[in-house]
Amino acid sequence: MNRNLIIVPAYNEAEAVGTTIAAIRRWAPEFDLLVVDDGSTDATAEQARMAGATVLCLPFNLGIGGAMQSGYIYAKEHDYDVAVQVDGDGQHDPRYIDDLLSRLNEDPKLNMVTGSRFLDPEGEGYRSSAIRRVGIRLFARLMSLITRQRVTDPTSGFRMTDRRGIELFARDYPHDYPEVEAILLMHAHRLRSCEVAVVMGPRITGESAISSTQSVYYMVKVLLAVFVALFRERPNVVEEDPPPVGAERTT
Amino acid sequence: MIFAAERLSSALGQRAEVIIVAVVICGVIFELVRRRHLMERYAILWLVAGFTLLILALWQGLLTTLSRAAGIYYPPAALFAVGFLFVLVLLVHFSIIVSRLSNQNKVLAQRLALLQQRLEQETAERTGPAASSATAPVADRPRDEPSPTR
């Protein structure tokens, strides 16, 4: 029997987190639910507990990277088979969790499935500021080039990973703005990922982690991180070799 | 004659000032360490800088000799170059330390949150399942919540 975990990172999402949890319960009842309260100053943790979620309370704000990594560490320690990130602000529609899971189970070689807003050509994509769309497209090109496979939505946090992914991210996960770098991390450890088309709603409440003024910093930071990461030594493995330090399969 | 004497006294005055500055640096650093505002390992760097300044001020001609040897014919420029380099290296050193500290900070926060959650869960389990609504398994939760508005 598979054990699956939904990780909901939430920072000051007291108004939205209850609705998000209710929707998750409705559409993915077979998943356990962990809310990572990233040092919220409002009643996020209380709301999440009231909605019946297990809550990890970080003592102060670590940012999405640190929050998600705590979720992966929790998943690893509690021996989960699958972990999926669903944002607490209601952007990620839990109805697609099943799509992600069936895609992940379909191919045993897959280690990560990402919900992409841009995969479906008929889809409306994602309404956002121009600079952000340009940034997403730039990173999509870059990551496609590096990983030699089509990446359409590198900034999507709507991701499902298997055990190897959980183990890897529990040990090593980027600090801030982790999504793009995480793709590179998977690639560097020769783990396989693919995308599944999803539609994302607008966030119910809360600010994006990236305001438009921060977009430039975001781009520079991620570009630097990706560039440096390309030269970082990693325990590279060939398929038959023992897995790298960051991705042992514990069975 | 008069010019030479003036120059000598001004040079002496400058030397005295440099010596005072060096002594003050060392004194301030010593006092900071004494009050535990500064750890010894970081104080050493500043004390080395202070002593270097002191030696250069006391040992007349050393700076000139050294800068000539380095091909710099204006000794103060050599002093500035070395000082600038020192501060630069020090700042990089501190950036490394800050990065390491914030990483350790992150790990501590994560461990704390995980331990706190485990403690809450175990407390809830010990005080009886009735009180542990927060940790109830998914299957026990009602499934007939209203459909999401989206």
# chains A, B, ... in the order shown; residues from 1 in each chain; ligands from 1
>>> interface_residues(of="chain A", to="chain B", cutoff="7 Å", atoms="only C-alpha atoms", output="list in words")
Thr19, Ala22, Ala23, Arg25, Arg26, Pro29, Asp32, Arg49, Gly52, Ala53, Thr54, Val55, Leu56, Cys57, Leu58, Pro59, Leu62, Gly66, Ser70 and Tyr74 of chain A
>>> write_last_selection(atoms="C-alpha atoms", output="PDB file, in the first residue's frame")
ATOM      1  CA  THR A  19     -10.451  26.220   1.881  1.00  0.00           C
ATOM      2  CA  ALA A  22     -11.060  21.205   2.373  1.00  0.00           C
ATOM      3  CA  ALA A  23     -10.509  20.998  -1.387  1.00  0.00           C
ATOM      4  CA  ARG A  25      -9.554  16.408   1.378  1.00  0.00           C
ATOM      5  CA  ARG A  26     -12.302  16.275  -1.202  1.00  0.00           C
ATOM      6  CA  PRO A  29      -8.698  11.819   0.368  1.00  0.00           C
ATOM      7  CA  ASP A  32      -1.940  12.443   4.224  1.00  0.00           C
ATOM      8  CA  ARG A  49      -5.082  22.389  12.630  1.00  0.00           C
ATOM      9  CA  GLY A  52      -7.532  18.668  10.417  1.00  0.00           C
ATOM     10  CA  ALA A  53      -4.052  18.889   8.963  1.00  0.00           C
ATOM     11  CA  THR A  54      -0.805  17.938  10.628  1.00  0.00           C
ATOM     12  CA  VAL A  55       1.144  21.157  11.040  1.00  0.00           C
ATOM     13  CA  LEU A  56       4.869  21.804  11.059  1.00  0.00           C
ATOM     14  CA  CYS A  57       5.493  25.174  12.669  1.00  0.00           C
ATOM     15  CA  LEU A  58       8.743  26.809  11.636  1.00  0.00           C
ATOM     16  CA  PRO A  59       9.912  29.232  14.331  1.00  0.00           C
ATOM     17  CA  LEU A  62      12.591  30.434   6.069  1.00  0.00           C
ATOM     18  CA  GLY A  66      13.353  25.950   3.568  1.00  0.00           C
ATOM     19  CA  SER A  70      11.124  20.569   6.045  1.00  0.00           C
ATOM     20  CA  TYR A  74       9.101  14.916   7.290  1.00  0.00           C
TER      21      TYR A  74
END
>>> atom_distance(atom1="atom CA of B:Gly83", atom2="atom CA of B:Thr52")
10.3 Å
>>> atom_distance(atom1="atom CA of B:Phe86", atom2="atom CA of B:Met39")
19.1 Å
>>> atom_distance(atom1="atom CA of A:Asp89", atom2="atom CA of A:Pro9")
8.9 Å
>>> closest_residue(among="A:Val113, A:Ala43, A:Val35, A:Val216", to="A:Asn12", atoms="only C-alpha atoms")
A:Ala43
>>> residues_around(residues="A:Leu101", least_positions_apart="6", cutoff="9 Å", atoms="only C-alpha atoms", output="VMD selection string")
chain A and resid 82 84 113 160
>>> closest_residue(among="A:Asp153, A:Glu77, A:Glu106, A:Glu167", to="A:Gly135", atoms="only C-alpha atoms")
A:Asp153
>>> residues_around(residues="B:Ala57", least_positions_apart="5", cutoff="12 Å", atoms="only C-alpha atoms", output="list in words")
Ala11, Leu12, Gly13, Gln14, Arg15, Ala16, Glu17, Val18, Ile19, Ile20, Val21, Ala22, Val23, Gly50, Phe51, Thr52, Leu62, Leu63, Thr64, Pro76 and Leu79 of chain B
>>> write_last_selection(atoms="N, CA and C atoms", output="PDB file, in the first residue's frame")
ATOM      1  N   ALA B  11      56.167  65.191  10.084  1.00  0.00           N
ATOM      2  CA  ALA B  11      56.302  63.740   9.934  1.00  0.00           C
ATOM      3  C   ALA B  11      56.163  63.052  11.285  1.00  0.00           C
ATOM      4  N   LEU B  12      56.797  63.681  12.288  1.00  0.00           N
ATOM      5  CA  LEU B  12      56.697  63.131  13.650  1.00  0.00           C
ATOM      6  C   LEU B  12      55.254  63.135  14.132  1.00  0.00           C
ATOM      7  N   GLY B  13      54.549  64.251  13.827  1.00  0.00           N
ATOM      8  CA  GLY B  13      53.151  64.367  14.232  1.00  0.00           C
ATOM      9  C   GLY B  13      52.305  63.286  13.598  1.00  0.00           C
ATOM     10  N   GLN B  14      52.556  63.067  12.279  1.00  0.00           N
ATOM     11  CA  GLN B  14      51.802  62.019  11.605  1.00  0.00           C
ATOM     12  C   GLN B  14      52.080  60.655  12.216  1.00  0.00           C
ATOM     13  N   ARG B  15      53.353  60.406  12.491  1.00  0.00           N
ATOM     14  CA  ARG B  15      53.705  59.128  13.115  1.00  0.00           C
ATOM     15  C   ARG B  15      52.967  58.955  14.428  1.00  0.00           C
ATOM     16  N   ALA B  16      52.975  59.996  15.222  1.00  0.00           N
ATOM     17  CA  ALA B  16      52.309  59.929  16.525  1.00  0.00           C
ATOM     18  C   ALA B  16      50.817  59.610  16.328  1.00  0.00           C
ATOM     19  N   GLU B  17      50.224  60.257  15.324  1.00  0.00           N
ATOM     20  CA  GLU B  17      48.794  59.995  15.083  1.00  0.00           C
ATOM     21  C   GLU B  17      48.552  58.538  14.718  1.00  0.00           C
ATOM     22  N   VAL B  18      49.406  58.020  13.830  1.00  0.00           N
ATOM     23  CA  VAL B  18      49.237  56.625  13.403  1.00  0.00           C
ATOM     24  C   VAL B  18      49.392  55.685  14.591  1.00  0.00           C
ATOM     25  N   ILE B  19      50.396  55.998  15.439  1.00  0.00           N
ATOM     26  CA  ILE B  19      50.614  55.156  16.628  1.00  0.00           C
ATOM     27  C   ILE B  19      49.378  55.188  17.512  1.00  0.00           C
ATOM     28  N   ILE B  20      48.808  56.364  17.689  1.00  0.00           N
ATOM     29  CA  ILE B  20      47.599  56.479  18.526  1.00  0.00           C
ATOM     30  C   ILE B  20      46.458  55.660  17.927  1.00  0.00           C
ATOM     31  N   VAL B  21      46.272  55.805  16.606  1.00  0.00           N
ATOM     32  CA  VAL B  21      45.192  55.055  15.953  1.00  0.00           C
ATOM     33  C   VAL B  21      45.380  53.555  16.165  1.00  0.00           C
ATOM     34  N   ALA B  22      46.608  53.090  15.962  1.00  0.00           N
ATOM     35  CA  ALA B  22      46.888  51.657  16.104  1.00  0.00           C
ATOM     36  C   ALA B  22      46.605  51.188  17.526  1.00  0.00           C
ATOM     37  N   VAL B  23      47.058  51.990  18.497  1.00  0.00           N
ATOM     38  CA  VAL B  23      46.842  51.622  19.897  1.00  0.00           C
ATOM     39  C   VAL B  23      45.350  51.610  20.220  1.00  0.00           C
ATOM     40  N   GLY B  50      45.907  45.932  13.630  1.00  0.00           N
ATOM     41  CA  GLY B  50      46.353  47.000  14.519  1.00  0.00           C
ATOM     42  C   GLY B  50      47.852  46.953  14.753  1.00  0.00           C
ATOM     43  N   PHE B  51      48.374  45.732  14.996  1.00  0.00           N
ATOM     44  CA  PHE B  51      49.806  45.571  15.243  1.00  0.00           C
ATOM     45  C   PHE B  51      50.624  45.926  14.010  1.00  0.00           C
ATOM     46  N   THR B  52      50.110  45.513  12.853  1.00  0.00           N
ATOM     47  CA  THR B  52      50.813  45.845  11.616  1.00  0.00           C
ATOM     48  C   THR B  52      50.976  47.359  11.481  1.00  0.00           C
ATOM     49  N   LEU B  62      60.457  51.107   7.211  1.00  0.00           N
ATOM     50  CA  LEU B  62      59.999  49.781   6.811  1.00  0.00           C
ATOM     51  C   LEU B  62      58.998  49.878   5.666  1.00  0.00           C
ATOM     52  N   LEU B  63      58.052  50.808   5.847  1.00  0.00           N
ATOM     53  CA  LEU B  63      57.010  50.974   4.822  1.00  0.00           C
ATOM     54  C   LEU B  63      57.643  51.388   3.493  1.00  0.00           C
ATOM     55  N   THR B  64      58.599  52.336   3.609  1.00  0.00           N
ATOM     56  CA  THR B  64      59.273  52.809   2.386  1.00  0.00           C
ATOM     57  C   THR B  64      60.027  51.662   1.716  1.00  0.00           C
ATOM     58  N   PRO B  76      52.484  55.746   0.958  1.00  0.00           N
ATOM     59  CA  PRO B  76      51.077  55.712   1.407  1.00  0.00           C
ATOM     60  C   PRO B  76      50.178  54.904   0.476  1.00  0.00           C
ATOM     61  N   LEU B  79      50.334  51.426   1.433  1.00  0.00           N
ATOM     62  CA  LEU B  79      49.560  51.227   2.662  1.00  0.00           C
ATOM     63  C   LEU B  79      48.068  51.105   2.337  1.00  0.00           C
TER      64      LEU B  79
END
>>> residues_around(residues="B:Val33", least_positions_apart="5", cutoff="12 Å", atoms="only C-alpha atoms", output="list in words")
Cys26, Gly27, Val28, Leu38, Met39, Glu40, Arg41, Tyr42, Ala43, Ile44, Trp46 and Leu47 of chain B
>>> write_last_selection(atoms="N, CA and C atoms", output="short mmCIF file (atom, residue, chain, number, x, y, z; two decimals), in the first residue's frame")
data_model
loop_
_atom_site.label_atom_id
_atom_site.label_comp_id
_atom_site.auth_asym_id
_atom_site.auth_seq_id
_atom_site.Cartn_x
_atom_site.Cartn_y
_atom_site.Cartn_z
N CYS B 26 43.73 48.45 18.81
CA CYS B 26 44.02 47.30 19.67
C CYS B 26 43.25 47.38 20.99
N GLY B 27 43.19 48.58 21.54
CA GLY B 27 42.48 48.76 22.81
C GLY B 27 41.00 48.44 22.68
N VAL B 28 40.37 48.99 21.63
CA VAL B 28 38.93 48.76 21.42
C VAL B 28 38.65 47.27 21.23
N LEU B 38 32.87 40.23 21.20
CA LEU B 38 33.64 39.79 20.04
C LEU B 38 34.35 38.51 20.41
N MET B 39 34.25 37.51 19.53
CA MET B 39 34.93 36.25 19.82
C MET B 39 36.41 36.38 19.47
N GLU B 40 37.23 35.62 20.22
CA GLU B 40 38.69 35.71 20.04
C GLU B 40 39.10 35.47 18.60
N ARG B 41 38.43 34.49 17.97
CA ARG B 41 38.89 34.13 16.62
C ARG B 41 38.68 35.24 15.62
N TYR B 42 37.70 36.11 15.85
CA TYR B 42 37.52 37.25 14.95
C TYR B 42 38.36 38.43 15.40
N ALA B 43 38.65 38.48 16.72
CA ALA B 43 39.48 39.56 17.24
C ALA B 43 40.90 39.48 16.69
N ILE B 44 41.37 38.25 16.48
CA ILE B 44 42.75 38.06 16.03
C ILE B 44 43.03 38.84 14.74
N TRP B 46 41.64 41.54 13.58
CA TRP B 46 41.74 42.98 13.81
C TRP B 46 42.98 43.35 14.59
N LEU B 47 43.37 42.48 15.54
CA LEU B 47 44.59 42.74 16.30
C LEU B 47 45.80 42.69 15.39
#
>>> residues_around(residues="A:Leu138", least_positions_apart="6", cutoff="12 Å", atoms="only C-alpha atoms", output="ChimeraX atom specification")
/A:131-132,144-145,151-155,180,219-220,222-223
>>> select_by_dssp(residues="stretch 6-236 of chain A", states="strand (DSSP E or B)", output="MDAnalysis selection string")
chainID A and resid 6:10 32:37 54:57 82:85 110:116 159:161 192:197
>>> closest_residue(among="A:Val36, A:Ala83, A:Ile64, A:Ala225", to="A:Arg164", atoms="only C-alpha atoms")
A:Ala83
>>> closest_residue(among="A:Arg171, A:Pro108, A:Ala188, A:Phe31", to="A:Arg232", atoms="only C-alpha atoms")
A:Ala188
